[in-house]
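Here's the structure, in structure tokens; my notes come after.
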Amino acid sequence: MRAAAGSGRGGEEGIQMSINYNERIPNNVSLSEDKQLQRALERWQPKYLDWWREMGPEGFQSKDVYLRTAISVDPQGWAQYGYVKMPDYRWGIFLTPPEKDRQVNFGDHKGDPAWQDVPGEYRSLLRRLIVTQGDTEPASVEQQRQLGRTCPSLYDLRNLFQVNVEEGRHLWAMVYLLMKHFGRDGREEAEGMLERRSGDADRPRILGAFNEKTPDWLSFFFFTMLTDRDGKYQLASLAESGFDPLSRSCKFMLTEEAHHLFVGETGIARILAKTCEVMKRINSDDPAKVRAEGAIDLPTIQKYLNFHISVTEDLYGSEISTNAANAYTMGLKGRFEEAKLKDDHKLATATYPVPDLAGDAIIVREAPALTALNERLRDDYIVDCQKGVDRWNKVLEKGGAGQRLRLPHKAFHRQIGTFEQVHVSPEGRVLTEAEWTRHHGDWLPNDADHAFVQSLMKPVTEPGKFASWIAPPARGINNQPIEFAYARVD
């Protein structure tokens, strides 16, 4: 289907563009029939491409990369693979198929028909939820834009760019909701997400973790394992929303998010495998000796783990939150896998255990479950992260290493909530300022650690070759061999 649209402002005479919306912007939202949405996207898309060229992967905009592109929501064939230059990537808009007679599953509207339009009284909070989620998508692209120059292999370079373009598509998903359902306010919010910049002192991204630097590939793999896993839990909670278009958008985003988690978990597993290989070869786990062999020692990996999970845990907000309670009561954002939980899904009298401070001790107290929803989601997230750490420890066990990785206590290195003003050890002991000053360099990456990891970041771009600090993957992407040219960089 083809549609004509005027250049410049709607209604003005000028050069006419003929755009095949289903071809240029793969979608299942009848975009070719929605003139108002077409006009909004035609104004926004050039600004998006300007942002991508300015803030997307640096040095690779003209390179052919073997990427998957979402073309439908069919589980048997929702994506196609092929070489594409990233600015030419077809960022699409997809919602999972509607569920017949879907209802709101929680809160005051439990049992009501799910909303196809924005409930007027909830407009402001719903818009904020969508914008906050949407803002994380371009932020992570900005954080990772320099990494291509130090890729440990073409396989990893391709995976980085796959994550980047899909974060871009997730931005499109949120922009669609804003433009389709929120009018001028939505259009202004969509432009605002292109104007903010990760780490910018004047125009920072909304959430703190998305203003941190991702200066090296160890950080990238932990980010995709841990911070993208937060994305999984946030998207899953929004997928429970009584606002049906948001629910259906997030459900499809979760399909793509799984690959991001795969990149992170297997990336760290491959680093651990290489470290074990080196320790076995030199018959030593001494960090200095391991580093001398061009591998990353286990204490450094533990420090990076401590940093990235603590920063990510802050994304869940304060332990007690009336905003989270309101979003639940209104039916806008549910709990993880809400339908599987065995309660009344209203939580008016329910309680949930939350950590608290009593002097210099960390205790657990019961709090109203409605206001403790942030803490519950954080706990769900930590349980999932622990499963990943357990799998990493199996790599260490198989590799003959005596050490094991551990998640720090959830009060460790927190910048939001109950523990913001105190120092807590990874084991969960409240510390004095002097104790923290003396030991925090043992728990978090210091300047020397960052400098060492950065010293390893040398590009490896010969097909089938890998940097000294990471093992090859078990298999390639889309049944391609490991030595496949996943990006044409020469």
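Within each chain, counting starts at residue 1; across the structure tokens, chains are named A, B, ... in the order shown, with ligands numbered 1 upward in that order.
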Checklist line | Contact residues around segment 345-360 of chain A with only C-alpha atoms at 9 Å, ignoring same-chain residues under 6 positions, as a list in words | finding: Asn105, Phe106, Gly107, Asp108, Lys110, Glu319, Ile320, Tyr328, Thr329, Glu338, Ala339, Glu366, Ala367, Pro368, Ala369, Leu370, Ala372, Leu373, Glu375, Arg376, Ala411, Thr418, Phe419, Arg429, Val430 and Leu431 of chain A
Notebook entry, point to check: Tell me, which residues of segment 416-450 of chain A carry DSSP strand (DSSP E or B), written as a PyMOL selection string?
Noted result: chain A and resi 423-424+430-431
Check: Can you list, as a VMD selection string, every protein, DNA or RNA residue that comes within 9 Å of Asn306 of chain A when you count only C-alpha atoms, leaving out same-chain residues fewer than 4 positions away?
Finding: chain A and resid 301 to 302 310 to 311 406 to 408 412 to 413 426 443 to 445
Selected residues written out, N, CA and C atoms, as an mmCIF file, in the first residue's frame:
data_model
loop_
_atom_site.group_PDB
_atom_site.id
_atom_site.type_symbol
_atom_site.label_atom_id
_atom_site.label_comp_id
_atom_site.auth_asym_id
_atom_site.auth_seq_id
_atom_site.Cartn_x
_atom_site.Cartn_y
_atom_site.Cartn_z
ATOM 1 N N ILE A 301 36.657 -9.223 37.785
ATOM 2 C CA ILE A 301 35.321 -9.561 37.285
ATOM 3 C C ILE A 301 34.292 -9.426 38.405
ATOM 4 N N GLN A 302 34.648 -9.857 39.615
ATOM 5 C CA GLN A 302 33.738 -9.717 40.752
ATOM 6 C C GLN A 302 33.454 -8.247 41.044
ATOM 7 N N SER A 310 24.616 -3.284 41.515
ATOM 8 C CA SER A 310 24.177 -2.289 42.488
ATOM 9 C C SER A 310 23.581 -1.067 41.799
ATOM 10 N N VAL A 311 24.194 -0.636 40.700
ATOM 11 C CA VAL A 311 23.651 0.489 39.939
ATOM 12 C C VAL A 311 22.292 0.116 39.343
ATOM 13 N N ARG A 406 29.811 -14.028 43.352
ATOM 14 C CA ARG A 406 28.705 -13.872 44.308
ATOM 15 C C ARG A 406 28.003 -12.549 44.053
ATOM 16 N N LEU A 407 26.696 -12.560 44.197
ATOM 17 C CA LEU A 407 25.960 -11.302 44.183
ATOM 18 C C LEU A 407 26.166 -10.594 45.518
ATOM 19 N N PRO A 408 26.403 -9.292 45.510
ATOM 20 C CA PRO A 408 26.502 -8.571 46.779
ATOM 21 C C PRO A 408 25.120 -8.400 47.413
ATOM 22 N N PHE A 412 24.145 -3.028 49.229
ATOM 23 C CA PHE A 412 25.500 -2.600 48.892
ATOM 24 C C PHE A 412 25.488 -1.515 47.816
ATOM 25 N N HIS A 413 26.231 -0.434 48.059
ATOM 26 C CA HIS A 413 26.498 0.606 47.056
ATOM 27 C C HIS A 413 25.219 1.156 46.424
ATOM 28 N N PRO A 426 29.559 -5.935 50.852
ATOM 29 C CA PRO A 426 28.893 -6.927 49.998
ATOM 30 C C PRO A 426 28.227 -8.043 50.794
ATOM 31 N N TRP A 443 36.107 -3.832 46.577
ATOM 32 C CA TRP A 443 34.776 -4.304 46.162
ATOM 33 C C TRP A 443 34.293 -3.702 44.858
ATOM 34 N N LEU A 444 34.807 -2.534 44.506
ATOM 35 C CA LEU A 444 34.379 -1.851 43.294
ATOM 36 C C LEU A 444 35.594 -1.560 42.424
ATOM 37 N N PRO A 445 35.428 -1.508 41.104
ATOM 38 C CA PRO A 445 36.583 -1.235 40.240
ATOM 39 C C PRO A 445 37.228 0.107 40.572
#
Next item on the list: Using only C-alpha atoms, find the one residue out of A:Val141, A:Leu396, A:Val163, A:Ile382 that sits nearest to Glu54 of chain A.
Entry: A:Val141
Check: atom CA of Pro245 of chain A and atom CA of Ser30 of chain A are how many Å apart?
Finding: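 Here the two named atoms are 13.5 Å from each other.
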Sorted per-residue table, segment 401-443 of chain A near segment 256-272 of chain A, closest atoms and distance, 12 Å, only C-alpha atoms, as CSV:
residue,atom,partner,partner_atom,distance
A:Ala401,CA,A:Leu272,CA,9.6
A:Gln403,CA,A:Leu272,CA,11.1
A:Arg404,CA,A:Leu272,CA,10.5
A:Leu405,CA,A:Leu272,CA,10.2
Item checked: Nearest residue to Phe182 of chain A from the set A:Arg149, A:Arg123, A:Arg365, A:Arg169 (distances using only C-alpha atoms) ->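 Residue with the minimum atom-to-atom distance to Phe182 of chain A: A:Arg123.
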Checklist line | Interatomic distance (Å, one decimal) between atom CA of Lys465 of chain A and atom CA of Ala485 of chain A | finding: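 So the two atoms, atom CA of Lys465 of chain A and atom CA of Ala485 of chain A, lie 10.7 Å apart.
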Item checked: Atomic distance atom CA of Arg488 of chain A - atom CA of Tyr48 of chain A, expressed in Å with one decimal ->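 Separation between atom CA of Arg488 of chain A and atom CA of Tyr48 of chain A: 24.6 Å.
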Next item on the list: Determine the nearest neighbour of Asn159 of chain A from the options A:Thr437, A:Thr224, A:Gln61, A:Ser198, counting only C-alpha atoms.
Entry: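 For Asn159 of chain A, the nearest of the candidates is A:Thr224.
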Next item on the list: Mind the document's chain letters and residue numbers, and return as a PyMOL selection string the residues of segment 111-262 of chain A that DSSP labels helix (DSSP H, G or I).
Entry: chain A and resi 120-143+147-150+154-181+183-195+208-211+217-238+244-262
Check: Neighbours of Arg414 of chain A within 12 Å (only C-alpha atoms; same-chain residues fewer than 4 positions away dropped), as a VMD selection string?
Finding: chain A and resid 208 to 209 306 to 319 408 to 410 418 to 426 428
Keeping only N, CA and C atoms, take the residues you just selected and write them out as a tab-separated table (two decimals), in the first residue's frame.
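Contents of part-v3.tsv, as written:
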chain	number	residue	atom	x	y	z
A	208	GLY	N	19.41	7.10	36.43
A	208	GLY	CA	20.84	7.24	36.71
A	208	GLY	C	21.72	6.22	36.01
A	209	ALA	N	21.32	4.96	35.99
A	209	ALA	CA	22.17	3.92	35.39
A	209	ALA	C	22.44	4.20	33.92
A	306	ASN	N	29.82	-6.42	41.07
A	306	ASN	CA	29.31	-5.65	42.21
A	306	ASN	C	28.81	-4.28	41.77
A	307	PHE	N	29.58	-3.63	40.91
A	307	PHE	CA	29.20	-2.29	40.48
A	307	PHE	C	27.92	-2.32	39.65
A	308	HIS	N	27.89	-3.17	38.65
A	308	HIS	CA	26.77	-3.12	37.71
A	308	HIS	C	25.46	-3.58	38.32
A	309	ILE	N	25.49	-4.55	39.20
A	309	ILE	CA	24.21	-4.95	39.78
A	309	ILE	C	23.72	-3.92	40.79
A	310	SER	N	24.62	-3.28	41.51
A	310	SER	CA	24.18	-2.29	42.49
A	310	SER	C	23.58	-1.07	41.80
A	311	VAL	N	24.19	-0.64	40.70
A	311	VAL	CA	23.65	0.49	39.94
A	311	VAL	C	22.29	0.12	39.34
A	312	THR	N	22.17	-1.11	38.86
A	312	THR	CA	20.91	-1.54	38.27
A	312	THR	C	19.82	-1.69	39.31
A	313	GLU	N	20.15	-2.16	40.50
A	313	GLU	CA	19.14	-2.29	41.54
A	313	GLU	C	18.50	-0.95	41.89
A	314	ASP	N	19.24	0.13	41.71
A	314	ASP	CA	18.67	1.46	41.95
A	314	ASP	C	17.56	1.80	40.97
A	315	LEU	N	17.57	1.16	39.80
A	315	LEU	CA	16.54	1.45	38.81
A	315	LEU	C	15.14	1.11	39.30
A	316	TYR	N	15.05	0.25	40.29
A	316	TYR	CA	13.73	-0.14	40.81
A	316	TYR	C	13.16	0.90	41.76
A	317	GLY	N	13.96	1.89	42.15
A	317	GLY	CA	13.46	2.96	42.99
A	317	GLY	C	13.49	2.63	44.46
A	318	SER	N	12.83	3.47	45.23
A	318	SER	CA	12.81	3.30	46.68
A	318	SER	C	12.02	2.06	47.08
A	319	GLU	N	12.38	1.54	48.24
A	319	GLU	CA	11.71	0.34	48.73
A	319	GLU	C	10.21	0.57	48.91
A	408	PRO	N	26.40	-9.29	45.51
A	408	PRO	CA	26.50	-8.57	46.78
A	408	PRO	C	25.12	-8.40	47.41
A	409	HIS	N	25.10	-8.10	48.68
A	409	HIS	CA	23.85	-7.79	49.38
A	409	HIS	C	23.15	-6.64	48.66
A	410	LYS	N	21.83	-6.68	48.63
A	410	LYS	CA	21.11	-5.66	47.85
A	410	LYS	C	21.18	-4.27	48.47
A	418	THR	N	16.36	3.40	51.07
A	418	THR	CA	16.69	3.30	52.48
A	418	THR	C	18.19	3.36	52.74
A	419	PHE	N	18.99	2.79	51.85
A	419	PHE	CA	20.43	2.64	52.11
A	419	PHE	C	21.28	3.69	51.39
A	420	GLU	N	20.63	4.74	50.91
A	420	GLU	CA	21.33	5.77	50.16
A	420	GLU	C	22.39	6.47	51.00
A	421	GLN	N	22.12	6.67	52.28
A	421	GLN	CA	22.99	7.47	53.12
A	421	GLN	C	23.95	6.64	53.98
A	422	VAL	N	23.98	5.32	53.77
A	422	VAL	CA	24.85	4.47	54.57
A	422	VAL	C	25.75	3.64	53.65
A	423	HIS	N	26.82	3.14	54.24
A	423	HIS	CA	27.72	2.24	53.52
A	423	HIS	C	27.51	0.82	54.03
A	424	VAL	N	27.38	-0.12	53.09
A	424	VAL	CA	27.12	-1.52	53.43
A	424	VAL	C	28.11	-2.38	52.66
A	425	SER	N	28.65	-3.38	53.32
A	425	SER	CA	29.60	-4.28	52.67
A	425	SER	C	28.85	-5.25	51.75
A	426	PRO	N	29.56	-5.93	50.85
A	426	PRO	CA	28.89	-6.93	50.00
A	426	PRO	C	28.23	-8.04	50.79
A	428	GLY	N	26.61	-7.47	53.58
A	428	GLY	CA	25.44	-6.93	54.24
A	428	GLY	C	25.69	-6.32	55.60
Please tabulate, as a Markdown table, the residues of segment 114-207 of chain A that come within 9 Å of segment 227-240 of chain A, each with its closest pair of atoms and the distance in Å to one decimal, counting only C-alpha atoms and ordering rows by chain, then residue number upward.
| residue | atom | partner | partner_atom | distance |
| --- | --- | --- | --- | --- |
| A:Leu129 | CA | A:Leu238 | CA | 8.6 |
| A:Ile130 | CA | A:Leu238 | CA | 9.0 |
| A:Gln133 | CA | A:Gln234 | CA | 8.0 |
| A:Thr136 | CA | A:Gly231 | CA | 8.8 |
